[in-house]
$ cat my_file_20.txt   # compact mmCIF, C-alpha atoms
# COMPACT_ATOMS: atom_id res chain seq x y z
CA MET A 247 93.17 117.53 95.58
CA LYS A 248 90.20 118.24 97.82
CA ALA A 249 91.06 118.15 101.52
CA GLU A 250 88.12 115.85 102.27
CA LEU A 251 89.88 113.07 100.32
CA GLU A 252 92.94 113.05 102.56
CA PRO A 253 91.71 110.52 105.14
CA ILE A 254 90.79 108.11 102.37
CA ILE A 255 94.13 108.51 100.60
CA ARG A 256 96.08 108.07 103.83
CA ALA A 257 94.26 104.88 104.78
CA TRP A 258 94.54 103.51 101.25
CA ALA A 259 98.27 104.25 101.00
CA ASP A 260 98.89 102.53 104.34
CA ASP A 261 96.96 99.50 103.13
CA GLU A 262 99.03 99.31 99.96
CA ILE A 263 102.31 99.73 101.80
CA PHE A 264 101.61 96.93 104.24
CA PHE A 265 100.12 94.60 101.66
CA ALA A 266 103.29 95.09 99.61
CA THR A 267 105.48 94.64 102.66
CA TYR A 268 103.89 91.30 103.50
CA LEU A 269 104.17 90.14 99.90
CA LEU A 270 107.83 91.07 99.62
CA GLY A 271 108.94 90.43 103.16
CA ARG A 272 106.95 87.40 104.24
CA SER A 273 105.00 85.70 101.45
CA CYS A 274 108.11 85.02 99.39
CA SER A 275 109.38 82.60 102.01
CA ALA A 276 106.07 80.71 102.02
CA SER A 277 105.52 80.59 98.26
CA PRO A 278 105.39 77.06 96.82
CA ASP A 279 107.99 77.56 94.09
CA LEU A 280 110.16 80.05 92.24
CA GLU A 281 107.46 81.27 89.86
CA LYS A 282 105.17 82.10 92.77
CA ILE A 283 107.98 83.95 94.50
CA LEU A 284 108.39 86.03 91.35
CA ALA A 285 104.65 86.67 91.31
CA MET A 286 104.70 87.83 94.95
CA ALA A 287 107.60 90.16 94.18
CA SER A 288 105.85 91.58 91.10
CA ILE A 289 102.54 92.15 92.84
CA GLY A 290 104.32 93.66 95.82
CA GLN A 291 106.22 96.06 93.56
CA ASP A 292 102.97 97.05 91.88
CA GLU A 293 101.43 97.80 95.26
CA PHE A 294 104.39 99.90 96.35
CA GLY A 295 103.97 101.83 93.11
CA HIS A 296 100.33 102.43 93.92
CA ALA A 297 101.24 103.66 97.38
CA GLU A 298 103.68 106.07 95.74
CA LEU A 299 101.00 107.33 93.39
CA LEU A 300 98.68 107.95 96.31
CA LEU A 301 101.30 109.63 98.46
CA SER A 302 102.22 111.86 95.53
CA LEU A 303 98.71 113.29 95.82
CA LEU A 304 99.42 114.16 99.44
CA PHE A 305 102.91 115.47 98.79
CA PRO A 306 103.02 117.38 95.51
CA GLY A 307 106.09 119.40 94.58
CA PRO A 308 109.56 118.81 93.15
CA ASP A 309 110.66 115.17 92.95
CA ALA A 310 113.48 115.38 95.49
CA GLN A 311 111.36 117.08 98.13
CA ARG A 312 108.48 114.74 97.48
CA ARG A 313 110.71 111.71 97.96
CA ARG A 314 111.87 113.01 101.32
CA ASP A 315 108.33 113.91 102.38
CA LYS A 316 107.10 110.42 101.54
CA GLU A 317 109.95 108.76 103.38
CA ARG A 318 109.37 110.85 106.47
CA TYR A 319 105.67 110.18 106.31
CA PHE A 320 106.13 106.43 106.36
CA PHE A 321 109.24 105.95 108.46
CA GLU A 322 108.82 108.63 111.11
CA ARG A 323 105.23 107.95 112.13
CA GLU A 324 104.43 106.06 115.30
CA PRO A 325 102.89 102.60 114.77
CA GLN A 326 99.55 103.63 116.28
CA ASP A 327 99.26 106.43 113.70
CA PHE A 328 98.99 104.04 110.76
CA ARG A 329 95.49 103.80 109.36
CA ASN A 330 95.50 100.51 107.46
CA CYS A 331 92.66 98.06 107.87
CA GLY A 332 92.77 95.25 110.41
CA LEU A 333 93.10 92.64 107.71
CA LEU A 334 96.59 93.98 107.09
CA LYS A 335 97.68 94.11 110.71
CA LEU A 336 98.04 90.39 111.11
CA GLU A 337 101.48 88.99 110.41
CA LEU A 338 101.14 85.62 108.68
CA MET A 339 104.44 83.83 108.76
CA ASP A 340 104.34 80.58 106.87
CA ASP A 341 100.89 79.44 105.80
CA TRP A 342 100.39 79.80 102.06
CA ALA A 343 96.62 79.28 102.27
CA ALA A 344 96.35 82.12 104.76
CA PHE A 345 98.39 84.39 102.48
CA VAL A 346 96.11 83.51 99.59
CA VAL A 347 92.89 84.12 101.52
CA ARG A 348 94.02 87.46 102.87
CA ALA A 349 95.37 88.60 99.51
CA PHE A 350 92.15 87.56 97.81
CA LEU A 351 90.00 89.42 100.33
CA TYR A 352 92.16 92.51 100.24
CA GLU A 353 92.33 92.74 96.45
CA GLU A 354 88.56 92.34 96.18
CA ALA A 355 88.12 95.10 98.74
CA GLU A 356 90.48 97.27 96.77
CA SER A 357 88.44 96.71 93.64
CA VAL A 358 85.34 97.97 95.43
CA ARG A 359 87.27 100.95 96.76
CA MET A 360 88.59 101.81 93.29
CA GLY A 361 85.12 101.48 91.82
CA ARG A 362 83.79 104.07 94.24
CA LEU A 363 86.76 106.42 93.88
CA SER A 364 86.78 106.25 90.08
CA GLU A 365 83.67 108.43 90.38
CA VAL A 366 85.66 111.13 92.16
CA GLU A 367 87.14 113.59 89.68
CA ASP A 368 90.42 114.17 91.54
CA LEU A 369 91.17 110.45 91.71
CA ALA A 370 89.83 109.02 88.45
CA GLY A 371 93.22 109.22 86.65
CA VAL A 372 95.16 107.50 89.42
CA VAL A 373 92.49 104.82 89.75
CA ALA A 374 92.65 104.12 86.00
CA ILE A 375 96.42 103.59 86.15
CA MET A 376 96.11 101.31 89.16
CA GLU A 377 93.21 99.30 87.79
CA ARG A 378 95.26 98.13 84.79
CA GLU A 379 97.50 96.32 87.25
CA GLU A 380 95.00 95.37 89.93
CA GLU A 381 92.85 93.48 87.48
CA GLU A 382 95.75 91.05 86.97
CA HIS A 383 96.17 90.65 90.71
CA ARG A 384 92.53 89.79 91.27
CA ARG A 385 92.62 87.10 88.59
CA TYR A 386 95.71 85.65 90.20
CA TRP A 387 94.25 85.36 93.66
CA ARG A 388 90.89 84.06 92.40
CA TRP A 389 92.76 81.37 90.49
CA TRP A 390 94.61 80.38 93.66
CA ILE A 391 91.52 80.15 95.83
CA THR A 392 89.69 78.09 93.25
CA SER A 393 92.64 75.80 92.63
CA LEU A 394 93.38 75.16 96.29
CA ALA A 395 89.72 74.43 96.98
CA ARG A 396 89.94 71.32 94.80
CA HIS A 397 92.25 69.54 97.24
CA PRO A 398 91.08 68.13 100.59
CA GLU A 399 94.06 69.26 102.66
CA ALA A 400 94.13 72.67 101.02
CA ARG A 401 90.39 73.08 101.68
CA GLN A 402 91.00 72.52 105.36
CA ARG A 403 93.81 75.05 105.33
CA LEU A 404 91.65 77.58 103.51
CA GLY A 405 88.91 77.01 106.09
CA SER A 406 91.34 77.54 108.95
CA ALA A 407 92.62 80.70 107.29
CA ILE A 408 89.09 82.05 106.88
CA GLU A 409 88.38 81.34 110.55
CA LEU A 410 91.63 83.04 111.55
CA LEU A 411 90.86 86.16 109.51
CA LEU A 412 87.20 86.45 110.54
CA PRO A 413 87.73 88.96 113.39
CA TYR A 414 89.88 91.19 111.21
CA VAL A 415 87.38 92.07 108.49
CA VAL A 416 85.12 94.15 110.74
CA ASP A 417 86.83 97.49 110.04
CA THR A 418 87.40 97.23 106.30
CA PHE A 419 86.31 100.53 104.64
CA TRP A 420 85.88 102.13 108.05
CA ILE A 421 87.90 105.36 107.90
CA VAL A 422 88.12 107.99 110.62
CA ASP A 423 87.18 111.47 109.39
CA ALA A 424 86.04 110.24 105.98
CA PRO A 425 83.66 112.52 104.03
CA THR A 426 79.95 111.88 104.43
CA TRP A 427 79.56 110.39 100.94
CA TRP A 428 82.00 107.60 101.85
CA ASP A 429 79.56 104.91 102.99
CA PRO A 430 81.42 101.91 104.40
CA ALA A 431 78.22 99.91 104.90
CA ILE A 432 77.41 99.99 101.18
CA LEU A 433 81.00 99.24 100.22
CA ARG A 434 81.11 96.29 102.62
CA ARG A 435 78.01 94.78 101.06
CA GLN A 436 79.53 95.19 97.60
CA TRP A 437 82.71 93.56 98.87
CA ALA A 438 80.83 90.62 100.35
CA GLY A 439 78.95 90.23 97.07
CA ALA A 440 82.13 90.10 94.99
CA VAL A 441 83.78 87.64 97.36
CA ALA A 442 80.64 85.49 97.49
CA GLU A 443 80.71 85.08 93.70
CA VAL A 444 84.02 83.28 94.04
CA LEU A 445 83.53 81.51 97.37
CA ALA A 446 79.91 80.33 97.07
CA PRO A 447 80.59 77.55 94.52
CA LEU A 448 83.54 76.31 96.59
CA SER A 449 81.60 75.61 99.82
CA LEU A 450 84.62 76.26 102.00
CA PRO A 451 84.45 75.84 105.79
CA HIS A 452 83.51 79.07 107.63
CA ALA A 453 82.86 80.93 104.36
CA ASP A 454 79.26 81.75 105.33
CA SER A 455 80.40 83.26 108.62
CA LEU A 456 83.03 85.28 106.79
CA LEU A 457 80.56 86.66 104.27
CA ALA A 458 78.13 87.59 107.04
CA GLN A 459 80.91 89.35 108.94
CA MET A 460 82.05 91.20 105.81
CA ALA A 461 78.54 92.50 105.12
CA SER A 462 77.94 93.59 108.72
CA GLU A 463 78.03 97.21 109.91
CA PRO A 464 81.65 98.39 110.15
CA LYS A 465 83.28 98.97 113.52
CA PRO A 466 86.80 99.39 114.90
CA GLY A 467 88.82 96.19 114.69
CA PRO A 468 90.67 94.35 117.44
CA ASP A 469 94.02 95.54 118.73
CA VAL A 470 96.95 93.70 117.18
CA PRO A 471 99.99 94.45 119.38
CA SER A 472 102.33 92.46 117.13
CA PHE A 473 101.54 94.92 114.33
CA TRP A 474 103.30 97.70 116.20
CA GLU A 475 106.44 95.64 116.44
CA PHE A 476 106.14 94.82 112.75
CA VAL A 477 105.98 98.53 111.91
CA ARG A 478 109.07 99.15 114.04
CA GLU A 479 110.88 96.43 112.14
CA GLN A 480 110.09 98.12 108.83
CA GLN A 481 111.29 101.49 110.12
CA ARG A 482 114.47 100.30 111.83
CA ILE A 483 116.97 100.78 108.99
CA TYR A 484 115.65 104.20 108.00
CA ARG A 485 115.71 105.37 111.60
CA SER A 486 119.33 104.28 111.94
CA ASP A 487 120.28 106.96 109.37
CA PRO A 488 117.38 109.17 108.24
CA GLU A 489 119.63 111.33 106.06
CA ALA A 490 120.97 108.44 103.97
CA VAL A 491 120.27 108.71 100.24
CA THR A 492 119.91 106.07 97.56
CA TRP A 493 121.23 107.35 94.25
CA GLY A 494 123.05 110.58 93.41
CA MET B 244 131.28 119.00 75.78
CA SER B 245 129.13 122.02 74.97
CA ALA B 246 128.96 125.41 76.65
CA HIS B 247 126.35 125.67 79.38
CA ASN B 248 124.25 128.22 77.54
CA GLU B 249 124.49 126.72 74.07
CA PRO B 250 121.06 125.77 72.69
CA LEU B 251 120.38 122.06 72.55
CA SER B 252 117.92 120.42 70.25
CA ARG B 253 115.58 117.60 71.19
CA GLU B 254 117.50 115.36 68.78
CA GLN B 255 120.81 116.08 70.50
CA ILE B 256 119.34 115.13 73.86
CA LEU B 257 117.65 112.02 72.46
CA ALA B 258 120.94 110.92 70.91
CA VAL B 259 122.52 110.92 74.36
CA LEU B 260 119.55 109.20 75.97
CA ARG B 261 119.92 106.38 73.44
CA ASP B 262 123.06 105.44 75.34
CA VAL B 263 121.10 104.93 78.56
CA GLU B 264 120.09 101.30 78.84
CA ASP B 265 117.22 99.98 80.87
CA PRO B 266 118.78 98.26 83.91
CA GLU B 267 116.67 95.13 83.37
CA ALA B 268 117.23 94.55 79.65
CA PRO B 269 119.93 95.63 77.15
CA VAL B 270 117.76 98.11 75.32
CA SER B 271 117.84 101.89 75.34
CA ILE B 272 115.22 103.75 77.32
CA VAL B 273 114.39 105.63 74.11
CA ASP B 274 113.68 102.44 72.17
CA LEU B 275 111.72 101.10 75.11
CA GLY B 276 109.43 104.10 74.83
CA LEU B 277 110.15 105.45 78.30
CA VAL B 278 111.04 108.96 77.09
CA ALA B 279 107.87 111.01 76.79
CA ASN B 280 109.45 114.43 76.29
CA CYS B 281 112.84 116.09 76.37
CA GLY B 282 114.21 119.50 75.57
CA MET B 283 115.90 122.59 76.90
CA ALA B 284 114.06 124.92 79.24
CA THR B 285 114.29 128.70 79.08
CA ASP B 286 116.74 128.71 82.01
CA GLY B 287 119.13 126.46 80.08
CA ALA B 288 118.34 123.31 82.05
CA ILE B 289 117.78 120.03 80.25
CA GLU B 290 114.36 118.58 80.98
CA VAL B 291 113.41 114.95 80.51
CA GLU B 292 110.04 113.37 81.24
CA LEU B 293 109.77 109.59 81.50
CA ILE B 294 106.86 107.14 81.52
CA PRO B 295 107.20 104.09 83.80
CA THR B 296 106.30 100.68 82.38
CA ARG B 297 104.35 100.06 85.57
CA ALA B 298 103.58 102.20 88.59
CA GLY B 299 105.89 100.19 90.83
CA CYS B 300 108.88 99.81 88.53
CA PRO B 301 111.75 99.51 91.04
CA ALA B 302 114.29 100.82 88.51
CA ARG B 303 112.80 104.30 88.35
CA GLU B 304 115.21 106.00 90.71
CA PHE B 305 118.20 104.31 89.13
CA ILE B 306 117.11 105.25 85.60
CA ARG B 307 116.70 108.85 86.67
CA PHE B 308 120.19 108.74 88.12
CA LEU B 309 121.60 107.30 84.87
CA VAL B 310 119.81 109.91 82.74
CA GLU B 311 121.11 112.82 84.79
CA LYS B 312 124.61 111.44 84.92
CA ARG B 313 124.79 110.69 81.19
CA LEU B 314 123.45 114.11 80.19
CA LYS B 315 125.91 115.88 82.47
CA VAL B 316 128.78 113.92 80.97
CA ALA B 317 127.62 114.82 77.47
CA PHE B 318 126.72 118.46 77.98
CA GLY B 319 128.75 119.64 80.93
CA GLU B 320 127.49 120.69 84.30
CA ARG B 321 124.14 121.95 83.13
CA GLN B 322 121.19 121.54 85.37
CA VAL B 323 119.20 118.42 84.45
CA ARG B 324 115.60 117.98 85.54
CA CYS B 325 114.36 114.45 85.03
CA ARG B 326 110.97 113.41 86.30
CA TRP B 327 108.64 110.47 86.00
CA LEU B 328 105.10 111.04 84.78
CA ASP B 329 103.14 109.05 87.32
CA ALA B 330 99.79 109.42 85.62
CA ALA B 331 100.93 108.39 82.13
CA ALA B 332 100.17 104.90 80.82
CA TRP B 333 102.97 103.08 79.03
CA SER B 334 102.19 100.27 76.62
CA THR B 335 104.20 97.87 74.47
CA GLU B 336 103.10 99.94 71.49
CA ARG B 337 105.68 102.52 72.57
CA ILE B 338 108.57 100.10 71.90
CA SER B 339 110.40 100.96 68.66
CA PRO B 340 111.25 98.34 65.99
CA GLU B 341 114.88 98.49 67.14
CA GLY B 342 113.74 98.00 70.73
CA ARG B 343 111.72 94.95 69.71
CA ARG B 344 114.70 93.51 67.88
CA ARG B 345 117.01 94.01 70.86
CA LEU B 346 114.51 92.51 73.27
CA ARG B 347 113.97 89.50 71.02
CA GLU B 348 117.72 88.89 70.89
CA TYR B 349 117.67 88.93 74.67
CA GLY B 350 114.87 86.35 74.82
CA ILE B 351 111.98 88.71 75.46
CA ALA B 352 108.99 88.71 73.10
CA VAL B 353 106.83 91.76 72.51
CA PRO B 354 103.18 91.13 71.63
CA GLU B 355 102.10 92.25 68.18
CA LEU B 356 98.60 92.85 66.89
CA ASP B 357 97.51 91.05 63.72
CA SER B 358 95.21 92.55 61.09
CA ASP B 359 92.17 91.44 63.10
CA GLY B 360 93.40 93.31 66.15
CA ARG B 361 94.20 90.11 68.02
CA ARG B 362 97.37 89.72 69.98
CA ARG B 363 100.07 87.47 68.60
CA LEU B 364 103.03 86.37 70.62
CA ARG B 365 105.84 84.43 69.01
CA CYS B 366 108.78 82.63 70.53
CA PRO B 367 111.83 84.92 70.36
CA TYR B 368 114.09 81.93 69.67
CA CYS B 369 112.28 79.98 66.92
CA ASP B 370 109.45 82.37 65.92
CA SER B 371 106.82 79.71 66.62
CA ALA B 372 103.30 80.78 67.61
CA ASN B 373 102.88 77.50 69.51
CA VAL B 374 103.44 79.14 72.89
CA ARG B 375 101.64 79.21 76.22
CA GLN B 376 101.77 81.33 79.33
CA GLU B 377 103.44 79.75 82.34
CA SER B 378 102.99 82.62 84.74
CA PRO B 379 101.51 86.11 84.39
CA PHE B 380 104.35 87.45 86.53
CA GLY B 381 107.97 87.23 85.43
CA THR B 382 111.43 88.24 86.57
CA SER B 383 110.53 91.90 86.54
CA VAL B 384 107.24 93.71 87.05
CA CYS B 385 106.77 94.34 83.32
CA ARG B 386 107.24 90.75 82.15
CA ALA B 387 105.37 87.42 82.10
CA ILE B 388 106.81 83.92 81.71
CA TRP B 389 105.94 81.84 78.64
CA TYR B 390 106.95 78.48 77.23
CA CYS B 391 107.46 77.50 73.60
CA ASP B 392 106.08 74.06 72.78
CA SER B 393 108.02 74.00 69.51
CA CYS B 394 111.61 74.61 70.63
CA ARG B 395 110.87 73.88 74.31
CA ASN B 396 112.45 77.04 75.59
CA PRO B 397 111.05 79.24 78.32
CA PHE B 398 110.99 82.91 77.43
CA GLU B 399 109.53 86.14 78.73
CA GLU B 400 106.96 88.52 77.38
CA MET B 401 107.20 92.27 77.71
CA ARG B 402 103.67 92.77 78.82
CA TRP B 403 101.39 95.61 78.64
CA LEU B 404 98.21 96.38 76.83
CA GLU B 405 96.87 99.17 74.82
CA GLU B 406 94.18 100.51 77.09
CA GLY B 407 91.30 100.15 74.63
CA LEU B 408 92.07 96.48 74.12
CA ALA B 409 92.01 95.47 77.74
CA SER B 410 88.77 93.48 77.52
CA HIS B 411 89.99 91.57 74.48
CA PHE B 412 93.22 90.62 76.22
CA HIS B 413 91.37 89.68 79.32
CA GLN B 414 89.39 87.02 77.47
CA GLN B 415 92.45 85.72 75.73
CA GLU B 416 94.52 85.51 78.87
CA VAL B 417 91.87 83.62 80.77
CA ARG B 418 92.07 80.98 78.07
CA LEU B 419 95.84 80.88 78.44
CA TRP B 420 95.68 80.78 82.19
CA THR B 421 96.99 77.30 82.74
CA ASN B 422 99.58 77.56 85.46
CA PRO B 423 100.01 80.91 87.18

$ encode --input "my_file_20.txt" --output "structure tokens"
Amino acid sequence: MKAELEPIIRAWADDEIFFATYLLGRSCSASPDLEKILAMASIGQDEFGHAELLLSLLFPGPDAQRRRDKERYFFEREPQDFRNCGLLKLELMDDWAAFVVRAFLYEEAESVRMGRLSEVEDLAGVVAIMEREEEEHRRYWRWWITSLARHPEARQRLGSAIELLLPYVVDTFWIVDAPTWWDPAILRRQWAGAVAEVLAPLSLPHADSLLAQMASEPKPGPDVPSFWEFVREQQRIYRSDPEAVTWG
Amino acid sequence: MSAHNEPLSREQILAVLRDVEDPEAPVSIVDLGLVANCGMATDGAIEVELIPTRAGCPAREFIRFLVEKRLKVAFGERQVRCRWLDAAAWSTERISPEGRRRLREYGIAVPELDSDGRRRLRCPYCDSANVRQESPFGTSVCRAIWYCDSCRNPFEEMRWLEEGLASHFHQQEVRLWTNP
């Protein structure tokens, strides 16, 4: 894999890991019923698989060594060294509408990212594998947004969630040390366009502000101190015994 | 138990792998179509390559463990190299007739294509085609939840698509999208 792709892969893998972590570790408790819990678990597992695929590009080699390299990479980094987007730094504890809005925005962003990277020879195969699964995710979250928007209380909750997430979309696609052909401004406009197709007919509160923010020039996002504690929580068990093994 | 340097055929290895069940359904990993390749390398090691049903299948590590353990029991303390092919795409078309039968007995339907190339899913309990999707995500990452309006049983679908048919399935599943 070309070295210039590394910053993109690292940021993408971190996004996938934390999206999966929220789905499996937080969203399950806020899901409306058992079937939605199963859906969160399935989507989260898919996203972990995608993170594995991406990290395998960074850590080639024999399986056993690769597993250890990937574990060290995730569990031994300091929280400030993670490169995921701001949208995935916010810990949402119990509001289903907020989970849905964030998941919808993130999955649409991922679609734009995959579209761009499918044009890159080294990544086209991985993107094709991921897209088979991501397409199902996008339909799921679009269905949720549209369904919730039909109900007055849910509309208010969606509006509040959009307002809450507004400050955190400013750095999406913004990657430190990315190659020159990676143009976050273009990708952000594509993202806003895809999201607008779904949101425009729904006339949700604050949606116009969100779309304007999404299409704006990218910049570093706000600090989210609680994210660092969240990272520590995810690393705690591994750090208690880094040499522990799973099977065999 | 065979000597460590005795040649092993692909069939001998496959016969042993047929005893390794998928941890999430009582069907062999061979019949499920997970085994892409197997054979003996020039250094005498047994090599097995597996295709995951989905990228994030959580059973991957455990299946690898079972494969290595079972082969070592069968063929002595030979080296076993089992690896997952991350970039390979599994589909339900890889499931053998025996695998389909075992899954059906377990309450899991496998989509079939009719002569027009359209997907047909039938209830594994009563064989009715009067079925609808309840949720695109089921009790494992490779399954979806369905309901049979004839015998009124819920059941699961082993889901995956042949890549070239993705657009066709997309249209069909939107129509079925009643209650994710």

$ residues_around --input "my_file_20.txt" --residues "Leu275 (chain B)" --least-positions-apart "4" --cutoff "10 Å" --atoms "only C-alpha atoms" --output "list in words"
Arg261, Glu264, Asp265, Ala268, Val270, Ser271, Thr296, Trp333, Ser334, Thr335, Glu336, Arg337, Ile338, Ser339, Pro340, Glu341, Gly342, Arg343, Arg345 and Leu346 of chain B

$ residues_around --input "my_file_20.txt" --residues "Ala331 (chain B)" --least-positions-apart "6" --cutoff "9 Å" --atoms "all atoms listed in the file" --output "list in words"
Gly371 and Ile375 of chain A; Leu293, Ile294 and Pro295 of chain B

$ closest_residue --input "my_file_20.txt" --among "B:Arg361, B:Arg386, B:Arg324, B:Glu399" --to "Asp286 (chain B)" --atoms "all atoms listed in the file"
B:Arg324

$ interface_residues --input "my_file_20.txt" --of "chain A" --to "chain B" --cutoff "10 Å" --atoms "all atoms listed in the file" --output "NGL selection string"
:A and (281-299 or 302 or 308-310 or 371-376 or 378-379 or 381-383 or 385-387 or 389-390 or 492-494)

$ atom_distance --input "my_file_20.txt" --atom1 "CA of Ile351 (chain B)" --atom2 "CA of Leu269 (chain A)"
25.7 Å

$ atom_distance --input "my_file_20.txt" --atom1 "CA of Ala249 (chain A)" --atom2 "CA of Asp429 (chain A)"
17.6 Å

$ residues_near_point --input "my_file_20.txt" --point "(88.3, 92.8, 108.4)" --cutoff "9 Å" --atoms "only C-alpha atoms" --output "PDB file with C-alpha atoms, keeping the file's coordinate frame"
ATOM      1  CA  CYS A 331      92.660  98.060 107.870  1.00  0.00           C
ATOM      2  CA  GLY A 332      92.770  95.250 110.410  1.00  0.00           C
ATOM      3  CA  LEU A 333      93.100  92.640 107.710  1.00  0.00           C
ATOM      4  CA  LEU A 334      96.590  93.980 107.090  1.00  0.00           C
ATOM      5  CA  LEU A 351      90.000  89.420 100.330  1.00  0.00           C
ATOM      6  CA  LEU A 411      90.860  86.160 109.510  1.00  0.00           C
ATOM      7  CA  LEU A 412      87.200  86.450 110.540  1.00  0.00           C
ATOM      8  CA  PRO A 413      87.730  88.960 113.390  1.00  0.00           C
ATOM      9  CA  TYR A 414      89.880  91.190 111.210  1.00  0.00           C
ATOM     10  CA  VAL A 415      87.380  92.070 108.490  1.00  0.00           C
ATOM     11  CA  VAL A 416      85.120  94.150 110.740  1.00  0.00           C
ATOM     12  CA  ASP A 417      86.830  97.490 110.040  1.00  0.00           C
ATOM     13  CA  THR A 418      87.400  97.230 106.300  1.00  0.00           C
ATOM     14  CA  PHE A 419      86.310 100.530 104.640  1.00  0.00           C
ATOM     15  CA  GLN A 459      80.910  89.350 108.940  1.00  0.00           C
ATOM     16  CA  MET A 460      82.050  91.200 105.810  1.00  0.00           C
ATOM     17  CA  PRO A 464      81.650  98.390 110.150  1.00  0.00           C
ATOM     18  CA  GLY A 467      88.820  96.190 114.690  1.00  0.00           C
TER      19      GLY A 467
END

$ atom_distance --input "my_file_20.txt" --atom1 "CA of Arg362 (chain A)" --atom2 "CA of Pro253 (chain A)"
14.9 Å

$ residues_around --input "my_file_20.txt" --residues "Trp437 (chain A)" --least-positions-apart "4" --cutoff "12 Å" --atoms "all atoms listed in the file" --output "PyMOL selection string"
chain A and resi 350-362+415+418-419+430-433+441-444+456-462

$ closest_residue --input "my_file_20.txt" --among "A:Ser486, A:Pro466, A:Val422, A:Phe264" --to "Glu250 (chain A)" --atoms "all atoms listed in the file"
A:Val422

$ residues_around --input "my_file_20.txt" --residues "Leu369 (chain A)" --least-positions-apart "5" --cutoff "10 Å" --atoms "all atoms listed in the file" --output "VMD selection string"
chain A and resid 247 to 248 251 255 300 303 360 363 to 364 374

$ residues_around --input "my_file_20.txt" --residues "Gln402 (chain A)" --least-positions-apart "5" --cutoff "12 Å" --atoms "all atoms listed in the file" --output "PyMOL selection string"
chain A and resi 343-344+394-397+407-409+449-453

$ write_last_selection --input "my_file_20.txt" --atoms "C-alpha atoms" --output "JSON list (two decimals), in the coordinates of the input"
[["chain", "number", "residue", "atom", "x", "y", "z"],
["A", 343, "ALA", "CA", 96.62, 79.28, 102.27],
["A", 344, "ALA", "CA", 96.35, 82.12, 104.76],
["A", 394, "LEU", "CA", 93.38, 75.16, 96.29],
["A", 395, "ALA", "CA", 89.72, 74.43, 96.98],
["A", 396, "ARG", "CA", 89.94, 71.32, 94.80],
["A", 397, "HIS", "CA", 92.25, 69.54, 97.24],
["A", 407, "ALA", "CA", 92.62, 80.70, 107.29],
["A", 408, "ILE", "CA", 89.09, 82.05, 106.88],
["A", 409, "GLU", "CA", 88.38, 81.34, 110.55],
["A", 449, "SER", "CA", 81.60, 75.61, 99.82],
["A", 450, "LEU", "CA", 84.62, 76.26, 102.00],
["A", 451, "PRO", "CA", 84.45, 75.84, 105.79],
["A", 452, "HIS", "CA", 83.51, 79.07, 107.63],
["A", 453, "ALA", "CA", 82.86, 80.93, 104.36]]

$ closest_residue --input "my_file_20.txt" --among "B:Ile256, B:Ala284, B:Cys369, B:Glu348" --to "Lys315 (chain B)" --atoms "only C-alpha atoms"
B:Ile256

$ residues_near_point --input "my_file_20.txt" --point "(96.6, 104.7, 105.4)" --cutoff "10 Å" --atoms "only C-alpha atoms" --output "MDAnalysis selection string"
chainID A and resid 252:264 297 300:301 320 327:331 421

$ write_last_selection --input "my_file_20.txt" --atoms "C-alpha atoms" --output "mmCIF file, in the coordinates of the input"
data_model
loop_
_atom_site.group_PDB
_atom_site.id
_atom_site.type_symbol
_atom_site.label_atom_id
_atom_site.label_comp_id
_atom_site.auth_asym_id
_atom_site.auth_seq_id
_atom_site.Cartn_x
_atom_site.Cartn_y
_atom_site.Cartn_z
ATOM 1 C CA GLU A 252 92.940 113.050 102.560
ATOM 2 C CA PRO A 253 91.710 110.520 105.140
ATOM 3 C CA ILE A 254 90.790 108.110 102.370
ATOM 4 C CA ILE A 255 94.130 108.510 100.600
ATOM 5 C CA ARG A 256 96.080 108.070 103.830
ATOM 6 C CA ALA A 257 94.260 104.880 104.780
ATOM 7 C CA TRP A 258 94.540 103.510 101.250
ATOM 8 C CA ALA A 259 98.270 104.250 101.000
ATOM 9 C CA ASP A 260 98.890 102.530 104.340
ATOM 10 C CA ASP A 261 96.960 99.500 103.130
ATOM 11 C CA GLU A 262 99.030 99.310 99.960
ATOM 12 C CA ILE A 263 102.310 99.730 101.800
ATOM 13 C CA PHE A 264 101.610 96.930 104.240
ATOM 14 C CA ALA A 297 101.240 103.660 97.380
ATOM 15 C CA LEU A 300 98.680 107.950 96.310
ATOM 16 C CA LEU A 301 101.300 109.630 98.460
ATOM 17 C CA PHE A 320 106.130 106.430 106.360
ATOM 18 C CA ASP A 327 99.260 106.430 113.700
ATOM 19 C CA PHE A 328 98.990 104.040 110.760
ATOM 20 C CA ARG A 329 95.490 103.800 109.360
ATOM 21 C CA ASN A 330 95.500 100.510 107.460
ATOM 22 C CA CYS A 331 92.660 98.060 107.870
ATOM 23 C CA ILE A 421 87.900 105.360 107.900
#

$ axis_aligned_box --input "my_file_20.txt" --around "region 319-323 of chain A" --padding-each-side "8 Å" --output "JSON"
{"center_x": 107.2, "center_y": 108.1, "center_z": 109.2, "size_x": 20.0, "size_y": 20.2, "size_z": 21.8}
